[in-house]
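See structure below.
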Amino acid sequence: MSGEIIAIYPGSFDPLTNGHVDIIQRGSRLFDRIVVAVLLNLEKSPLFTVPERVDIARSVFASYTNVEVDTFDGLLVEYARRKRAGVIVRGLRAVSDFEYELQMALMNRRLNQEVETVFMMPAEPYTYVSSRLVKEVVALGGSVTGLVPSVVESRLREKKLARETLRA
Ligand SMILES: Nc1ncnc2c1ncn2[C@@H]1O[C@H](COP(=O)(O)OP(=O)(O)OP(=O)(O)O)[C@@H](O)[C@H]1O
Ligand SMILES: [Mg+2]
């Protein structure tokens, strides 16, 4: 086996925000390869379909040769094993993220001792950005310029128009 360090960055990315982008960029500098892994299923009413989310991430990271975008379901540590990844990357925004992330990291370690969870902090302007908040602001007519990649901003606008047309 090669000495490559492969990292998995799992999440729902509904949609990808500049906070996610910041973490992926940091990961791409730190690890040989980083796999952005979009979680299948789970949320009952996502705004973007999984293929749309994959598409967005692929276009944002098109020029990064060591960033891969994939989907997964089931146990994350099993997926990591299949991908030969030794690292799970997670982002930490605030203390509020910590408790859940600690639980997940320790459970994943119990399930697979060979995978290490690594936490990274985003640049300060993104410490309050979440997909949920972005969706909420857009739904209420606010601007998210600078908080999401421009491709996400235009896709959000399209979704909003489509929904308004449906309602009209
Ligand atoms: N702005 C951000 N800065 C740093 N890490 C982030 C940021 N947003 C999300 N993350 C991290 O990215 C990973 C995947 O998160 P996820 O897809 O749930 O995004 P989210 O913005 O928290 O979405 P939601 O609002 O739907 O919960 C998690 O480790 C999460 O803590
Ligand atoms: Mg979240």
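Here, A, B, ... name the chains of the structure tokens in the order displayed, residue numbers run from 1 inside each chain, and ligands are numbered from 1 in the same displayed order.
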
Among the residues of chain A, find those DSSP assigns to strand (DSSP E) from the backbone and print them as a PDB file with N, CA and C atoms, in the first residue's frame.
```
ATOM      1  N   ILE A   6      -5.410   9.561   2.886  1.00  0.00           N
ATOM      2  CA  ILE A   6      -6.692   9.919   2.271  1.00  0.00           C
ATOM      3  C   ILE A   6      -7.656  10.325   3.377  1.00  0.00           C
ATOM      4  N   ALA A   7      -8.319  11.447   3.197  1.00  0.00           N
ATOM      5  CA  ALA A   7      -9.283  11.929   4.185  1.00  0.00           C
ATOM      6  C   ALA A   7     -10.677  11.960   3.581  1.00  0.00           C
ATOM      7  N   ILE A   8     -11.662  11.676   4.438  1.00  0.00           N
ATOM      8  CA  ILE A   8     -13.072  11.757   4.030  1.00  0.00           C
ATOM      9  C   ILE A   8     -13.682  12.960   4.740  1.00  0.00           C
ATOM     10  N   TYR A   9     -14.395  13.787   4.010  1.00  0.00           N
ATOM     11  CA  TYR A   9     -15.119  14.899   4.635  1.00  0.00           C
ATOM     12  C   TYR A   9     -16.614  14.660   4.398  1.00  0.00           C
ATOM     13  N   PRO A  10     -17.283  14.060   5.378  1.00  0.00           N
ATOM     14  CA  PRO A  10     -18.689  13.710   5.192  1.00  0.00           C
ATOM     15  C   PRO A  10     -19.628  14.839   5.620  1.00  0.00           C
ATOM     16  N   GLY A  11     -20.778  14.905   4.977  1.00  0.00           N
ATOM     17  CA  GLY A  11     -21.769  15.901   5.373  1.00  0.00           C
ATOM     18  C   GLY A  11     -22.960  15.847   4.452  1.00  0.00           C
ATOM     19  N   ARG A  33      -5.186  13.310  -0.430  1.00  0.00           N
ATOM     20  CA  ARG A  33      -6.447  13.316  -1.165  1.00  0.00           C
ATOM     21  C   ARG A  33      -7.566  13.555  -0.160  1.00  0.00           C
ATOM     22  N   ILE A  34      -8.563  14.330  -0.557  1.00  0.00           N
ATOM     23  CA  ILE A  34      -9.725  14.509   0.318  1.00  0.00           C
ATOM     24  C   ILE A  34     -10.989  14.185  -0.479  1.00  0.00           C
ATOM     25  N   VAL A  35     -11.817  13.342   0.105  1.00  0.00           N
ATOM     26  CA  VAL A  35     -13.045  12.920  -0.543  1.00  0.00           C
ATOM     27  C   VAL A  35     -14.224  13.605   0.150  1.00  0.00           C
ATOM     28  N   VAL A  36     -14.892  14.468  -0.584  1.00  0.00           N
ATOM     29  CA  VAL A  36     -16.102  15.114  -0.068  1.00  0.00           C
ATOM     30  C   VAL A  36     -17.220  14.093  -0.247  1.00  0.00           C
ATOM     31  N   ALA A  37     -17.765  13.605   0.865  1.00  0.00           N
ATOM     32  CA  ALA A  37     -18.718  12.497   0.786  1.00  0.00           C
ATOM     33  C   ALA A  37     -20.119  12.974   1.180  1.00  0.00           C
ATOM     34  N   VAL A  38     -20.978  13.051   0.180  1.00  0.00           N
ATOM     35  CA  VAL A  38     -22.339  13.542   0.405  1.00  0.00           C
ATOM     36  C   VAL A  38     -23.200  12.389   0.925  1.00  0.00           C
ATOM     37  N   LEU A  39     -23.779  12.624   2.068  1.00  0.00           N
ATOM     38  CA  LEU A  39     -24.597  11.615   2.725  1.00  0.00           C
ATOM     39  C   LEU A  39     -25.910  11.426   1.971  1.00  0.00           C
ATOM     40  N   VAL A  67      -9.097  16.699  -4.839  1.00  0.00           N
ATOM     41  CA  VAL A  67     -10.418  16.716  -4.201  1.00  0.00           C
ATOM     42  C   VAL A  67     -11.362  15.855  -5.036  1.00  0.00           C
ATOM     43  N   GLU A  68     -11.971  14.862  -4.382  1.00  0.00           N
ATOM     44  CA  GLU A  68     -12.913  13.976  -5.062  1.00  0.00           C
ATOM     45  C   GLU A  68     -14.288  14.181  -4.419  1.00  0.00           C
ATOM     46  N   VAL A  69     -15.351  14.044  -5.205  1.00  0.00           N
ATOM     47  CA  VAL A  69     -16.692  14.169  -4.640  1.00  0.00           C
ATOM     48  C   VAL A  69     -17.421  12.851  -4.864  1.00  0.00           C
ATOM     49  N   ASP A  70     -18.020  12.327  -3.805  1.00  0.00           N
ATOM     50  CA  ASP A  70     -18.642  11.004  -3.873  1.00  0.00           C
ATOM     51  C   ASP A  70     -19.885  11.017  -2.976  1.00  0.00           C
ATOM     52  N   THR A  71     -20.630   9.929  -2.983  1.00  0.00           N
ATOM     53  CA  THR A  71     -21.771   9.812  -2.072  1.00  0.00           C
ATOM     54  C   THR A  71     -21.573   8.563  -1.220  1.00  0.00           C
ATOM     55  N   PHE A  72     -22.248   8.523  -0.078  1.00  0.00           N
ATOM     56  CA  PHE A  72     -22.160   7.310   0.739  1.00  0.00           C
ATOM     57  C   PHE A  72     -23.410   7.187   1.589  1.00  0.00           C
ATOM     58  N   VAL A  87      -8.407   9.081   7.676  1.00  0.00           N
ATOM     59  CA  VAL A  87      -8.811  10.297   8.378  1.00  0.00           C
ATOM     60  C   VAL A  87     -10.250  10.673   8.019  1.00  0.00           C
ATOM     61  N   ILE A  88     -10.983  11.097   9.055  1.00  0.00           N
ATOM     62  CA  ILE A  88     -12.290  11.722   8.852  1.00  0.00           C
ATOM     63  C   ILE A  88     -12.111  13.188   9.216  1.00  0.00           C
ATOM     64  N   VAL A  89     -12.466  14.082   8.322  1.00  0.00           N
ATOM     65  CA  VAL A  89     -12.349  15.512   8.596  1.00  0.00           C
ATOM     66  C   VAL A  89     -13.717  16.042   9.007  1.00  0.00           C
ATOM     67  N   ARG A  90     -13.734  16.853  10.057  1.00  0.00           N
ATOM     68  CA  ARG A  90     -14.961  17.545  10.437  1.00  0.00           C
ATOM     69  C   ARG A  90     -14.622  19.001  10.726  1.00  0.00           C
ATOM     70  N   GLY A  91     -15.589  19.870  10.534  1.00  0.00           N
ATOM     71  CA  GLY A  91     -15.365  21.281  10.814  1.00  0.00           C
ATOM     72  C   GLY A  91     -15.962  21.631  12.164  1.00  0.00           C
ATOM     73  N   GLU A 116      -8.794   8.064  12.160  1.00  0.00           N
ATOM     74  CA  GLU A 116      -8.652   9.174  13.105  1.00  0.00           C
ATOM     75  C   GLU A 116      -9.522  10.352  12.655  1.00  0.00           C
ATOM     76  N   THR A 117     -10.269  10.955  13.581  1.00  0.00           N
ATOM     77  CA  THR A 117     -11.049  12.145  13.226  1.00  0.00           C
ATOM     78  C   THR A 117     -10.206  13.389  13.474  1.00  0.00           C
ATOM     79  N   VAL A 118     -10.157  14.261  12.479  1.00  0.00           N
ATOM     80  CA  VAL A 118      -9.392  15.505  12.580  1.00  0.00           C
ATOM     81  C   VAL A 118     -10.361  16.682  12.444  1.00  0.00           C
ATOM     82  N   PHE A 119     -10.288  17.602  13.407  1.00  0.00           N
ATOM     83  CA  PHE A 119     -11.175  18.771  13.366  1.00  0.00           C
ATOM     84  C   PHE A 119     -10.427  19.982  12.853  1.00  0.00           C
ATOM     85  N   MET A 120     -11.124  20.769  12.048  1.00  0.00           N
ATOM     86  CA  MET A 120     -10.509  22.001  11.562  1.00  0.00           C
ATOM     87  C   MET A 120     -11.461  23.174  11.747  1.00  0.00           C
TER      88      MET A 120
END
```

### Task
Could you report the residues within 10 Å of ligand 2, using only C-alpha atoms and all ligand atoms, as an NGL selection string?
:A and (11-14 or 91 or 93 or 97 or 100 or 129-133)

Write out as a tab-separated table a residue-level contact list of segment 93-152 of chain A versus segment 77-83 of chain A with cut-off 8 Å: for each qualifying residue the closest pair of atoms and the distance in Å to one decimal, counting only C-alpha atoms, rows sorted by chain and residue number upward.
```
residue	atom	partner	partner_atom	distance
A:Asn108	CA	A:Val77	CA	6.4
A:Leu111	CA	A:Val77	CA	7.0
A:Asn112	CA	A:Val77	CA	6.2
A:Val115	CA	A:Val77	CA	7.2
```

### Test item, alpha helix (DSSP H) assignment across segment 23-116 of chain A, answer as a PyMOL selection string
chain A and resi 23-30+50-60+76-82+95-111

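Among the candidate residues A:Leu47, A:Ala62, A:Ile23, A:Leu40, the one lying nearest to Val138 of chain A is A:Leu47, with distances computed using only C-alpha atoms.
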
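Comparing the minimum interatomic distances between Glu52 of chain A and each of A:Glu101, A:Pro15, A:Arg84, A:Val148, counting only C-alpha atoms, we find that A:Pro15 sits nearest.
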
### Message
Between atom CA of Leu42 of chain A and atom CA of Asp73 of chain A, what distance in Å does the model show, to one decimal?
### Response
9.1 Å

#### Entry: Length of the atom 9 (C, counted along the ligand's line) of ligand 1 to atom CA of Lys135 of chain A vector [Å]
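Atom-to-atom, atom 9 (C, counted along the ligand's line) of ligand 1 and atom CA of Lys135 of chain A are spaced 13.3 Å apart.
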
#### Entry: Coordinates-based distance that separates atom CA of Ala105 of chain A from atom CA of Ile5 of chain A (Å, one decimal)
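Separation of atom CA of Ile5 of chain A and atom CA of Ala105 of chain A: 18.3 Å.
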
Using only C-alpha atoms, tabulate the residues of segment 19-122 of chain A lying at most 10 Å from any atom of segment 151-160 of chain A, each with its closest atom pair and that distance in Å to one decimal, by chain and increasing residue number, as a tab-separated table.
```
residue	atom	partner	partner_atom	distance
A:Leu47	CA	A:Lys159	CA	8.1
A:Phe48	CA	A:Lys159	CA	8.7
A:Glu52	CA	A:Arg155	CA	9.4
A:Arg53	CA	A:Val152	CA	9.3
A:Ile56	CA	A:Val152	CA	7.1
A:Ala57	CA	A:Val152	CA	9.4
A:Ser59	CA	A:Val151	CA	8.3
A:Val60	CA	A:Val151	CA	7.7
```

Using all heavy atoms, can you write the selected residues to a file as a compact mmCIF listing (two decimals), in the first residue's frame?
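Contents of result-v3.txt, as written:
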```txt
# COMPACT_ATOMS: atom_id res chain seq x y z
N LEU A 47 -33.33 20.60 0.18
CA LEU A 47 -33.59 21.60 -0.84
C LEU A 47 -33.01 21.12 -2.18
O LEU A 47 -33.64 21.18 -3.21
CB LEU A 47 -32.98 22.96 -0.44
CG LEU A 47 -33.25 24.11 -1.40
CD1 LEU A 47 -34.75 24.35 -1.60
CD2 LEU A 47 -32.56 25.37 -0.92
N PHE A 48 -31.77 20.61 -2.11
CA PHE A 48 -31.09 20.12 -3.32
C PHE A 48 -31.05 18.59 -3.29
O PHE A 48 -30.82 17.99 -2.24
CB PHE A 48 -29.67 20.67 -3.40
CG PHE A 48 -29.61 22.14 -3.67
CD1 PHE A 48 -29.52 23.05 -2.62
CD2 PHE A 48 -29.66 22.62 -4.98
CE1 PHE A 48 -29.48 24.42 -2.87
CE2 PHE A 48 -29.62 23.99 -5.23
CZ PHE A 48 -29.53 24.89 -4.17
N GLU A 52 -27.62 16.97 -7.44
CA GLU A 52 -27.37 18.42 -7.54
C GLU A 52 -26.24 18.85 -6.63
O GLU A 52 -25.37 19.65 -7.00
CB GLU A 52 -28.64 19.22 -7.17
CG GLU A 52 -29.71 19.22 -8.23
CD GLU A 52 -31.02 19.89 -7.78
OE1 GLU A 52 -31.42 19.73 -6.60
OE2 GLU A 52 -31.65 20.56 -8.61
N ARG A 53 -26.22 18.30 -5.42
CA ARG A 53 -25.17 18.67 -4.44
C ARG A 53 -23.80 18.18 -4.90
O ARG A 53 -22.80 18.89 -4.74
CB ARG A 53 -25.51 18.09 -3.06
CG ARG A 53 -26.67 18.84 -2.40
CD ARG A 53 -27.00 18.23 -1.07
NE ARG A 53 -28.22 17.46 -1.11
CZ ARG A 53 -28.57 16.55 -0.21
NH1 ARG A 53 -27.76 16.27 0.78
NH2 ARG A 53 -29.72 15.93 -0.31
N ILE A 56 -22.63 20.44 -7.78
CA ILE A 56 -22.16 21.74 -7.28
C ILE A 56 -20.73 21.60 -6.74
O ILE A 56 -19.83 22.36 -7.12
CB ILE A 56 -23.11 22.29 -6.18
CG1 ILE A 56 -24.43 22.75 -6.80
CG2 ILE A 56 -22.44 23.43 -5.41
CD1 ILE A 56 -25.53 23.08 -5.80
N ALA A 57 -20.51 20.59 -5.89
CA ALA A 57 -19.18 20.42 -5.29
C ALA A 57 -18.15 20.12 -6.38
O ALA A 57 -17.03 20.63 -6.34
CB ALA A 57 -19.22 19.33 -4.23
N SER A 59 -18.19 21.09 -9.47
CA SER A 59 -17.87 22.28 -10.25
C SER A 59 -17.02 23.26 -9.44
O SER A 59 -16.09 23.86 -9.97
CB SER A 59 -19.12 22.94 -10.84
OG SER A 59 -19.83 23.63 -9.85
N VAL A 60 -17.30 23.39 -8.15
CA VAL A 60 -16.50 24.31 -7.32
C VAL A 60 -15.05 23.83 -7.22
O VAL A 60 -14.13 24.65 -7.21
CB VAL A 60 -17.13 24.47 -5.92
CG1 VAL A 60 -16.20 25.22 -4.97
CG2 VAL A 60 -18.48 25.18 -6.01
```

### Message
Nearest residue to ligand 1 out of A:Val54, A:Leu147, A:Leu75, A:Met107, using only C-alpha atoms and all ligand atoms?
### Response
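Among the listed residues, A:Leu147 lies closest to ligand 1.
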
### Task
Using only C-alpha atoms and all ligand atoms, find the one residue out of A:Gly86, A:Pro122, A:Gly27, A:Gly74 that sits nearest to ligand 1.
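For ligand 1, the nearest of the candidates is A:Pro122.
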
### Message
I need the residue nearest Val134 of chain A from this list: A:Arg58, A:Leu16, A:Glu4, A:Gln103. Use only C-alpha atoms for the distance.
### Response
A:Leu16
